[in-house]
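J.: Structure file input.txt (compact mmCIF, C-alpha atoms) right here:
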# COMPACT_ATOMS: atom_id res chain seq x y z
CA MET A 1 41.59 -34.85 -4.30
CA PRO A 2 39.23 -34.99 -7.36
CA ASN A 3 40.24 -34.04 -10.88
CA ASP A 4 39.58 -30.64 -12.47
CA ASN A 5 36.04 -31.54 -13.51
CA THR A 6 33.63 -28.98 -11.94
CA ASP A 7 30.91 -31.51 -11.10
CA ASP A 8 33.43 -33.77 -9.34
CA PHE A 9 34.81 -30.81 -7.41
CA GLU A 10 31.37 -29.72 -6.28
CA GLU A 11 30.62 -33.29 -5.19
CA TYR A 12 33.93 -33.44 -3.33
CA ILE A 13 33.23 -30.22 -1.43
CA GLU A 14 29.74 -31.38 -0.54
CA LYS A 15 31.01 -34.71 0.72
CA THR A 16 33.79 -33.25 2.82
CA ASN A 17 31.43 -30.67 4.34
CA ASN A 18 29.00 -33.43 5.21
CA LYS A 19 31.85 -35.49 6.76
CA SER A 20 31.29 -38.19 4.10
CA LEU A 21 34.72 -39.29 2.78
CA THR A 22 33.58 -41.52 -0.11
CA ASN A 23 32.30 -40.56 -3.56
CA LYS A 24 29.64 -42.22 -5.71
CA GLN A 25 32.13 -44.84 -6.90
CA GLY A 26 32.99 -45.74 -3.30
CA GLU A 27 36.45 -44.23 -3.48
CA ARG A 28 37.78 -42.82 -0.22
CA LEU A 29 38.31 -39.06 -0.13
CA ARG A 30 40.46 -37.03 2.21
CA PRO A 31 40.00 -33.42 3.36
CA PRO A 32 42.09 -30.89 1.35
CA THR A 33 45.30 -29.62 2.86
CA ARG A 34 45.96 -25.93 3.55
CA ALA A 35 48.12 -25.65 0.43
CA GLU A 36 45.40 -27.24 -1.69
CA VAL A 37 42.79 -24.92 -0.22
CA SER A 38 44.94 -21.85 -0.99
CA SER A 39 45.56 -23.15 -4.51
CA LEU A 40 41.85 -23.66 -5.12
CA ILE A 41 40.97 -20.20 -3.81
CA SER A 42 43.64 -18.62 -6.01
CA GLY A 43 42.30 -20.55 -9.00
CA PHE A 44 38.78 -19.26 -8.40
CA ALA A 45 40.05 -15.69 -8.09
CA SER A 46 41.94 -15.94 -11.40
CA GLN A 47 38.90 -17.31 -13.23
CA GLY A 48 36.73 -14.29 -12.33
CA ASP A 49 33.05 -15.24 -12.10
CA PRO A 50 32.46 -18.82 -10.81
CA ALA A 51 31.09 -21.45 -13.17
CA SER A 52 27.97 -22.10 -11.05
CA ILE A 53 26.26 -21.10 -7.85
CA THR A 54 27.39 -24.34 -6.19
CA THR A 55 31.02 -23.59 -7.09
CA ALA A 56 30.68 -20.07 -5.66
CA ILE A 57 29.25 -21.49 -2.42
CA ALA A 58 32.07 -24.05 -2.21
CA ALA A 59 34.70 -21.36 -2.73
CA ARG A 60 33.08 -19.24 -0.04
CA LYS A 61 33.13 -22.16 2.42
CA LEU A 62 36.84 -22.81 1.67
CA LYS A 63 37.70 -19.18 2.41
CA LEU A 64 35.64 -19.26 5.60
CA ASN A 65 37.34 -22.44 6.84
CA ARG A 66 40.77 -20.98 6.04
CA GLU A 67 40.04 -17.83 8.04
CA ARG A 68 38.78 -19.94 10.95
CA ARG A 69 41.98 -21.95 11.03
CA ARG A 70 44.09 -18.79 10.93
CA ALA A 71 42.07 -17.29 13.79
CA GLN A 72 42.04 -20.63 15.61
CA VAL A 73 38.25 -20.58 15.82
CA GLN A 74 36.51 -23.92 16.15
CA SER A 75 33.73 -24.65 13.68
CA PRO A 76 30.31 -24.42 15.39
CA SER A 77 28.62 -27.69 16.04
CA LEU A 78 24.92 -28.26 16.43
CA GLN A 79 23.63 -30.78 18.94
CA ALA A 80 20.10 -31.96 19.25
CA ALA A 81 18.41 -31.83 22.61
CA GLU A 82 18.27 -35.07 24.53
CA SER A 83 14.56 -34.78 25.21
CA PHE A 84 11.63 -33.03 23.57
CA GLU A 85 8.44 -31.66 25.04
CA ALA A 86 5.22 -32.07 23.14
CA LEU A 87 3.32 -28.95 22.20
CA PRO A 88 0.17 -28.29 24.20
CA ALA A 89 -2.95 -29.64 22.61
CA SER A 90 -4.98 -27.05 20.69
CA ARG A 91 -8.14 -25.85 22.32
CA ALA A 92 -11.28 -27.42 21.05
CA SER A 93 -13.21 -24.99 18.88
CA ILE A 94 -16.37 -23.68 20.50
CA PRO A 95 -19.38 -24.23 18.23
CA PRO A 96 -21.13 -21.01 17.25
CA ASN A 97 -24.36 -20.11 18.89
CA PRO A 98 -27.15 -21.25 16.54
CA ASP A 99 -29.23 -18.23 17.49
CA VAL A 100 -26.44 -15.95 16.28
CA ILE A 101 -26.15 -17.88 13.01
CA ASP A 102 -29.91 -17.64 12.45
CA ALA A 103 -29.85 -13.92 13.21
CA LEU A 104 -27.06 -13.39 10.66
CA HIS A 105 -28.97 -15.30 8.00
CA ASP A 106 -32.08 -13.24 8.71
CA ILE A 107 -30.29 -9.96 7.94
CA GLN A 108 -31.65 -8.52 4.72
CA THR A 109 -29.56 -6.31 2.45
CA THR A 110 -30.60 -2.70 2.19
CA PRO A 111 -32.20 -1.83 -1.16
CA PHE A 112 -29.95 0.34 -3.29
CA ALA A 113 -32.50 3.16 -3.35
CA SER A 114 -32.27 3.41 0.46
CA SER A 115 -28.55 2.69 0.85
CA PHE A 116 -25.74 5.07 1.70
CA LEU A 117 -24.21 4.34 -1.71
CA SER A 118 -27.30 5.70 -3.41
CA ARG A 119 -26.93 8.91 -1.40
CA LEU A 120 -23.43 9.31 -2.80
CA GLN A 121 -24.23 8.36 -6.39
CA GLY A 122 -27.86 9.36 -6.57
CA THR A 123 -30.83 7.31 -7.63
CA ARG A 124 -33.00 7.63 -10.65
CA ALA A 125 -36.26 8.94 -9.29
CA PRO A 126 -39.45 7.99 -11.16
CA ILE A 127 -40.81 10.54 -13.58
CA PRO A 128 -43.67 12.33 -11.75
CA PRO A 129 -47.06 12.66 -13.46
CA THR A 130 -46.78 16.46 -13.08
CA ALA A 131 -43.65 16.59 -15.29
CA ILE A 132 -43.59 19.54 -17.68
CA ALA A 133 -40.49 18.58 -19.68
CA ILE A 134 -37.63 16.05 -19.62
CA ASP A 135 -34.11 17.03 -20.71
CA TRP A 136 -31.61 14.24 -21.47
CA GLU A 137 -29.12 16.44 -23.33
CA THR A 138 -27.97 19.04 -20.78
CA MET A 139 -24.59 18.40 -19.13
CA THR A 140 -23.97 20.75 -16.21
CA PRO A 141 -20.57 21.61 -14.64
CA TRP A 142 -21.44 19.48 -11.60
CA MET A 143 -22.37 16.46 -13.72
CA SER A 144 -19.11 16.80 -15.67
CA LEU A 145 -17.13 17.05 -12.42
CA MET A 146 -18.72 13.88 -11.02
CA ARG A 147 -17.99 12.01 -14.25
CA ASP A 148 -14.34 13.13 -14.16
CA ILE A 149 -14.03 11.99 -10.53
CA ARG A 150 -15.41 8.55 -11.38
CA ASP A 151 -13.08 8.21 -14.38
CA HIS A 152 -10.07 9.27 -12.28
CA TYR A 153 -11.01 6.73 -9.60
CA VAL A 154 -11.22 3.93 -12.17
CA LEU A 155 -7.82 4.85 -13.66
CA SER A 156 -6.17 5.16 -10.24
CA HIS A 157 -7.63 1.93 -8.83
CA PRO A 158 -8.26 -0.52 -11.71
CA GLU A 159 -8.31 -3.43 -9.26
CA ARG A 160 -11.33 -2.05 -7.39
CA GLU A 161 -14.97 -2.36 -8.33
CA ARG A 162 -16.08 0.24 -10.86
CA PRO A 163 -18.53 2.75 -9.32
CA VAL A 164 -22.09 2.44 -10.56
CA GLU A 165 -23.33 5.45 -12.50
CA THR A 166 -27.06 5.80 -13.06
CA LEU A 167 -27.99 8.11 -15.90
CA ALA A 168 -30.93 10.43 -15.41
CA PRO A 169 -32.43 13.48 -17.12
CA ILE A 170 -33.21 16.89 -15.73
CA VAL A 171 -36.96 16.83 -15.11
CA TYR A 172 -39.00 20.05 -15.04
CA THR A 173 -42.10 19.67 -12.92
CA SER A 174 -44.53 21.65 -10.80
CA LEU A 175 -43.80 22.40 -7.16
CA GLU A 176 -44.76 19.61 -4.75
CA GLU A 177 -44.71 19.43 -0.99
CA SER A 178 -41.73 17.05 -1.11
CA HIS A 179 -39.69 19.80 -2.82
CA LEU A 180 -40.22 22.47 -0.16
CA ARG A 181 -37.24 21.72 2.07
CA GLU A 182 -34.70 21.79 -0.78
CA VAL A 183 -36.41 24.73 -2.47
CA HIS A 184 -36.22 26.80 0.71
CA GLU A 185 -32.56 25.87 1.17
CA LEU A 186 -31.78 26.83 -2.44
CA LEU A 187 -33.58 30.18 -2.27
CA GLU A 188 -31.93 31.11 1.04
CA ARG A 189 -28.51 30.40 -0.45
CA VAL A 190 -29.20 32.53 -3.52
CA PHE A 191 -31.20 35.37 -1.96
CA TRP A 192 -31.68 35.82 1.79
CA LYS A 193 -32.76 34.02 4.94
CA GLY A 194 -36.35 33.33 5.92
CA ILE A 195 -37.85 32.65 2.48
CA ASN A 196 -40.96 30.48 2.56
CA VAL A 197 -42.89 29.57 -0.57
CA SER A 198 -45.27 27.03 0.96
CA ASP A 199 -48.24 29.21 -0.01
CA SER A 200 -47.42 28.61 -3.69
CA LEU A 201 -49.02 25.18 -3.30
CA ASP A 202 -52.35 26.99 -2.77
CA HIS A 203 -52.17 29.06 -5.97
CA SER A 204 -52.33 26.62 -8.89
CA PRO A 205 -48.74 25.36 -8.69
CA GLU A 206 -49.17 23.56 -12.03
CA ARG A 207 -49.29 27.00 -13.72
CA SER A 208 -47.26 29.21 -11.39
CA THR A 209 -44.24 27.07 -10.47
CA VAL A 210 -41.46 25.21 -12.29
CA VAL A 211 -38.94 23.04 -10.40
CA ALA A 212 -35.88 21.49 -12.07
CA CYS A 213 -34.81 18.16 -10.53
CA TYR A 214 -31.89 15.84 -11.23
CA LYS A 215 -32.72 12.45 -9.74
CA ARG A 216 -33.85 13.50 -6.23
CA LEU A 217 -31.98 16.80 -6.11
CA VAL A 218 -33.69 20.16 -6.72
CA VAL A 219 -31.33 22.16 -8.96
CA GLY A 220 -33.55 25.09 -9.91
CA VAL A 221 -36.86 26.77 -9.18
CA ALA A 222 -39.00 29.52 -10.73
CA ILE A 223 -42.14 30.83 -8.99
CA LEU A 224 -44.93 33.19 -9.93
CA SER A 225 -46.91 34.89 -7.18
CA SER A 226 -50.09 33.48 -8.77
CA PRO A 227 -51.55 32.83 -12.23
CA ARG A 228 -53.66 35.97 -11.81
CA GLU A 229 -50.86 38.39 -10.93
CA THR A 230 -48.12 36.61 -12.98
CA TYR A 231 -45.32 38.33 -11.04
CA ILE A 232 -42.06 36.34 -10.85
CA THR A 233 -41.06 36.30 -7.21
CA TYR A 234 -38.05 33.94 -7.43
CA LEU A 235 -35.89 32.36 -10.11
CA ALA A 236 -32.76 30.55 -8.91
CA VAL A 237 -30.36 27.77 -9.93
CA ARG A 238 -28.14 25.73 -7.62
CA ALA A 239 -24.41 26.53 -7.71
CA GLY A 240 -22.58 24.15 -10.04
CA TRP A 241 -25.67 23.74 -12.19
CA ASP A 242 -25.63 27.22 -13.71
CA ASN A 243 -24.57 28.12 -17.27
CA ALA A 244 -26.43 25.04 -18.51
CA ARG A 245 -29.69 26.66 -19.78
CA ILE A 246 -31.65 25.51 -16.72
CA ALA A 247 -32.79 29.05 -15.82
CA ARG A 248 -33.67 29.69 -19.48
CA SER A 249 -35.73 26.49 -19.62
CA MET A 250 -37.60 27.26 -16.40
CA LEU A 251 -38.41 30.79 -17.57
CA TYR A 252 -39.57 29.50 -20.95
CA HIS A 253 -41.93 26.94 -19.40
CA LEU A 254 -43.23 29.52 -16.93
CA ILE A 255 -44.10 31.84 -19.82
CA MET A 256 -45.68 29.02 -21.87
CA LEU A 257 -47.87 28.06 -18.89
CA ASN A 258 -49.31 31.59 -18.79
CA PRO A 259 -49.97 32.66 -22.38
CA LYS A 260 -51.59 35.99 -23.28
CA LYS A 261 -50.66 37.44 -19.89
CA ASP A 262 -48.12 40.10 -19.09
CA ILE A 263 -45.38 38.88 -16.76
CA THR A 264 -43.53 41.29 -14.49
CA LEU A 265 -40.59 41.10 -12.08
CA HIS A 266 -37.93 43.14 -10.30
CA VAL A 267 -34.23 42.52 -10.83
CA SER A 268 -31.16 44.16 -9.31
CA VAL A 269 -29.65 46.71 -11.70
CA ASN A 270 -26.23 44.99 -11.68
CA SER A 271 -27.55 41.41 -11.94
CA SER A 272 -26.41 39.24 -14.85
CA ALA A 273 -29.98 37.92 -15.04
CA MET A 274 -30.84 41.10 -16.99
CA LEU A 275 -29.32 39.45 -20.10
CA LEU A 276 -31.58 36.42 -19.70
CA TYR A 277 -34.72 38.50 -19.36
CA ASN A 278 -33.79 40.69 -22.35
CA ARG A 279 -33.53 37.57 -24.53
CA PHE A 280 -37.16 36.76 -23.76
CA GLY A 281 -38.30 40.28 -24.56
CA PHE A 282 -38.60 41.78 -21.06
CA LYS A 283 -38.37 45.57 -21.12
CA ALA A 284 -37.50 47.93 -18.27
CA GLU A 285 -40.47 50.08 -17.21
CA GLU A 286 -39.31 51.65 -13.98
CA PHE A 287 -36.18 52.26 -11.87
CA VAL A 288 -36.86 51.62 -8.18
CA ALA A 289 -34.27 52.99 -5.75
CA GLY A 290 -33.63 50.94 -2.61
CA PHE A 291 -36.01 48.15 -3.64
CA TYR A 292 -33.83 45.48 -1.95
CA GLU A 293 -32.83 47.65 1.01
CA ASP A 294 -34.70 45.50 3.53
CA TYR A 295 -33.63 42.16 2.05
CA LEU A 296 -29.98 42.23 1.05
CA ASP A 297 -27.11 42.08 3.48
CA PRO A 298 -25.40 45.48 3.92
CA ASN A 299 -22.13 43.93 2.69
CA SER A 300 -23.73 42.33 -0.38
CA ARG A 301 -22.23 43.28 -3.74
CA ALA A 302 -25.65 43.19 -5.37
CA SER A 303 -27.19 46.59 -5.95
CA LYS A 304 -30.14 47.45 -3.72
CA ASN A 305 -31.70 49.35 -6.60
CA ALA A 306 -33.88 47.48 -9.10
CA PHE A 307 -35.49 47.65 -12.50
CA ARG A 308 -39.12 46.69 -12.94
CA LEU A 309 -39.35 44.57 -16.08
CA ARG A 310 -42.42 43.54 -18.10
CA LEU A 311 -42.99 40.97 -20.81
CA ARG A 312 -46.03 41.99 -22.88
CA GLN A 313 -47.93 39.05 -24.39
CA HIS A 314 -51.19 40.68 -25.57
Written as C-alpha cells, that's how I'd like the structure from this file.

T.:
Amino acid sequence: MPNDNTDDFEEYIEKTNNKSLTNKQGERLRPPTRAEVSSLISGFASQGDPASITTAIAARKLKLNRERRRAQVQSPSLQAAESFEALPASRASIPPNPDVIDALHDIQTTPFASSFLSRLQGTRAPIPPTAIAIDWETMTPWMSLMRDIRDHYVLSHPERERPVETLAPIVYTSLEESHLREVHELLERVFWKGINVSDSLDHSPERSTVVACYKRLVVGVAILSSPRETYITYLAVRAGWDNARIARSMLYHLIMLNPKKDITLHVSVNSSAMLLYNRFGFKAEEFVAGFYEDYLDPNSRASKNAFRLRLRQH
C-alpha cells in the first residue's frame, strides 16, 4: 500500500485498475484488501469533499468494486474481436455537369428596384418633371409604424442583417396615366365603387389634379372637374397617411394652381372635412338634401345630405 500522500494514492489506484502492479520507482504493488478498502472509503467520507477529481473517481471505483464483491458480480471484461472487416470504399464523387455550372454562373442578380425586397421596403422613385412640391419633413402614422417595426426587428435579432431603409419625400405632382390604378383603388376605398377619373387626363391635369406619392405609392389625390369649372370632385387620403397635413397640402396647391377663380364643392354635413375647408375660407352657400342618396351605401354612417361650399377668390 502507498503512504498517505494523495498523488501516490491516485497513482496506486490507477496502477491497480490498469492491472499494473509496479510504481514509477519499480516497486511492486499489491491490490488492497477488503479491510483496507473499507478503511479508505471511511476516510474519504470523514474528509467531506475529496481533494481532487481523480481522488473522487478513485473513491467511487473502490465503492463500486466493494459492492460487486458483496453481490458476487464479476467485473465486466472487454475482448477485442478476432477479425475485423474493412469498411466499404466510398463512392467516387460524380463530377458536376459543366452545363449546369455554366448556367449557374450565367444567373444575374435581380436589381433591387425590381426585387421582392424593394416591394416590401419601397424604392425611391425619381422625382418626376411634373412635380409641384416636395415634402421631406412630414412623418405620417404609417411611416412611424414602419420605422418602429424595423427598430424592433433590429433589437430582437441583432445577429441578422439590418433591413435597408431608403428615405424619400412625399412628392406632390399632377395626375399621370401610371397613377390611375392606385388612384381608382384609393377613391373606391374612401367613397364608393365604380369611380373612374381617367377623363381628368384630358382636362389640363397640370392645373386640375394633385397627386401625393411616397416612393411609388399614391397616398392622396385631389381632383377638379376642369380648370374652367373649378369644382372639386374628389379629395382623399390613404388610411394610415391621414392627420399629416397631406390633404391640406393638396388643397392648397389646387387653389394656388387656379388663382382668381371661385372653387366649389359638396361635402357631407357630418364630414370632418368641413373643418379643413373652413380653414381655407370656404363658406356654405346651400343645403342639399339627399345629395349622396345614389352614391352612399344605405348602411353608411355618412350623411346623405350635403353642403355646397364656395371659396371666393375675386

J.: Determine the nearest neighbour of Met256 in chain A from the options A:Ala71, A:Ile132, A:Val211, A:Ala239, counting all atoms listed in the file.

T.: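 The shortest atom-to-atom distance to Met256 in chain A comes from A:Ile132.
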
J.: Take CA of Glu137 in chain A and CA of Ile170 in chain A and report the distance between them in Å, one decimal.

T.: 8.6 Å

J.: Out of A:Pro169, A:Ser303, A:Trp241, A:Phe287, which residue has the shortest atom-to-atom distance to Ser144 in chain A when counting all atoms listed in the file?

T.: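 Using all atoms listed in the file, the shortest distance to Ser144 in chain A belongs to A:Trp241.
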
J.: With 9 Å as the cut-off and all atoms listed in the file counted, what is the closest atom pair between each nearby residue of range 148-228 of chain A and range 294-298 of chain A? Distances in Å to one decimal, ordered by chain and number, as a tab-separated table.

T.:
residue	atom	partner	partner_atom	distance
A:Phe191	CA	A:Leu296	CA	7.6
A:Trp192	CA	A:Tyr295	CA	6.6
A:Lys193	CA	A:Tyr295	CA	8.7

J.: Got a sec: who's within 12 Å of Asp135 in chain A, counting all atoms listed in the file, leaving out chain neighbours fewer than 4 positions off, as a short mmCIF file (atom, residue, chain, number, x, y, z; two decimals) with C-alpha atoms, in the frame of the given file?

T.:
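Just written: out03.cif:
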data_model
loop_
_atom_site.label_atom_id
_atom_site.label_comp_id
_atom_site.auth_asym_id
_atom_site.auth_seq_id
_atom_site.Cartn_x
_atom_site.Cartn_y
_atom_site.Cartn_z
CA ILE A 127 -40.81 10.54 -13.58
CA ALA A 131 -43.65 16.59 -15.29
CA MET A 139 -24.59 18.40 -19.13
CA THR A 140 -23.97 20.75 -16.21
CA LEU A 167 -27.99 8.11 -15.90
CA ALA A 168 -30.93 10.43 -15.41
CA PRO A 169 -32.43 13.48 -17.12
CA ILE A 170 -33.21 16.89 -15.73
CA VAL A 171 -36.96 16.83 -15.11
CA TYR A 172 -39.00 20.05 -15.04
CA THR A 173 -42.10 19.67 -12.92
CA ALA A 212 -35.88 21.49 -12.07
CA CYS A 213 -34.81 18.16 -10.53
CA TYR A 214 -31.89 15.84 -11.23
CA LYS A 215 -32.72 12.45 -9.74
CA ALA A 244 -26.43 25.04 -18.51
CA ARG A 245 -29.69 26.66 -19.78
CA ILE A 246 -31.65 25.51 -16.72
CA SER A 249 -35.73 26.49 -19.62
CA MET A 250 -37.60 27.26 -16.40
#

J.: Closest to Arg216 in chain A among A:Pro128, A:Gly290, A:Pro111, A:Pro158, using only C-alpha atoms?

T.: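 Closest to Arg216 in chain A, using only C-alpha atoms: A:Pro128.
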
J.: CA of Leu257 in chain A to CA of Phe282 in chain A: how many Å, to one decimal?

T.: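 Computed distance, CA of Leu257 in chain A to CA of Phe282 in chain A, equals 16.7 Å.
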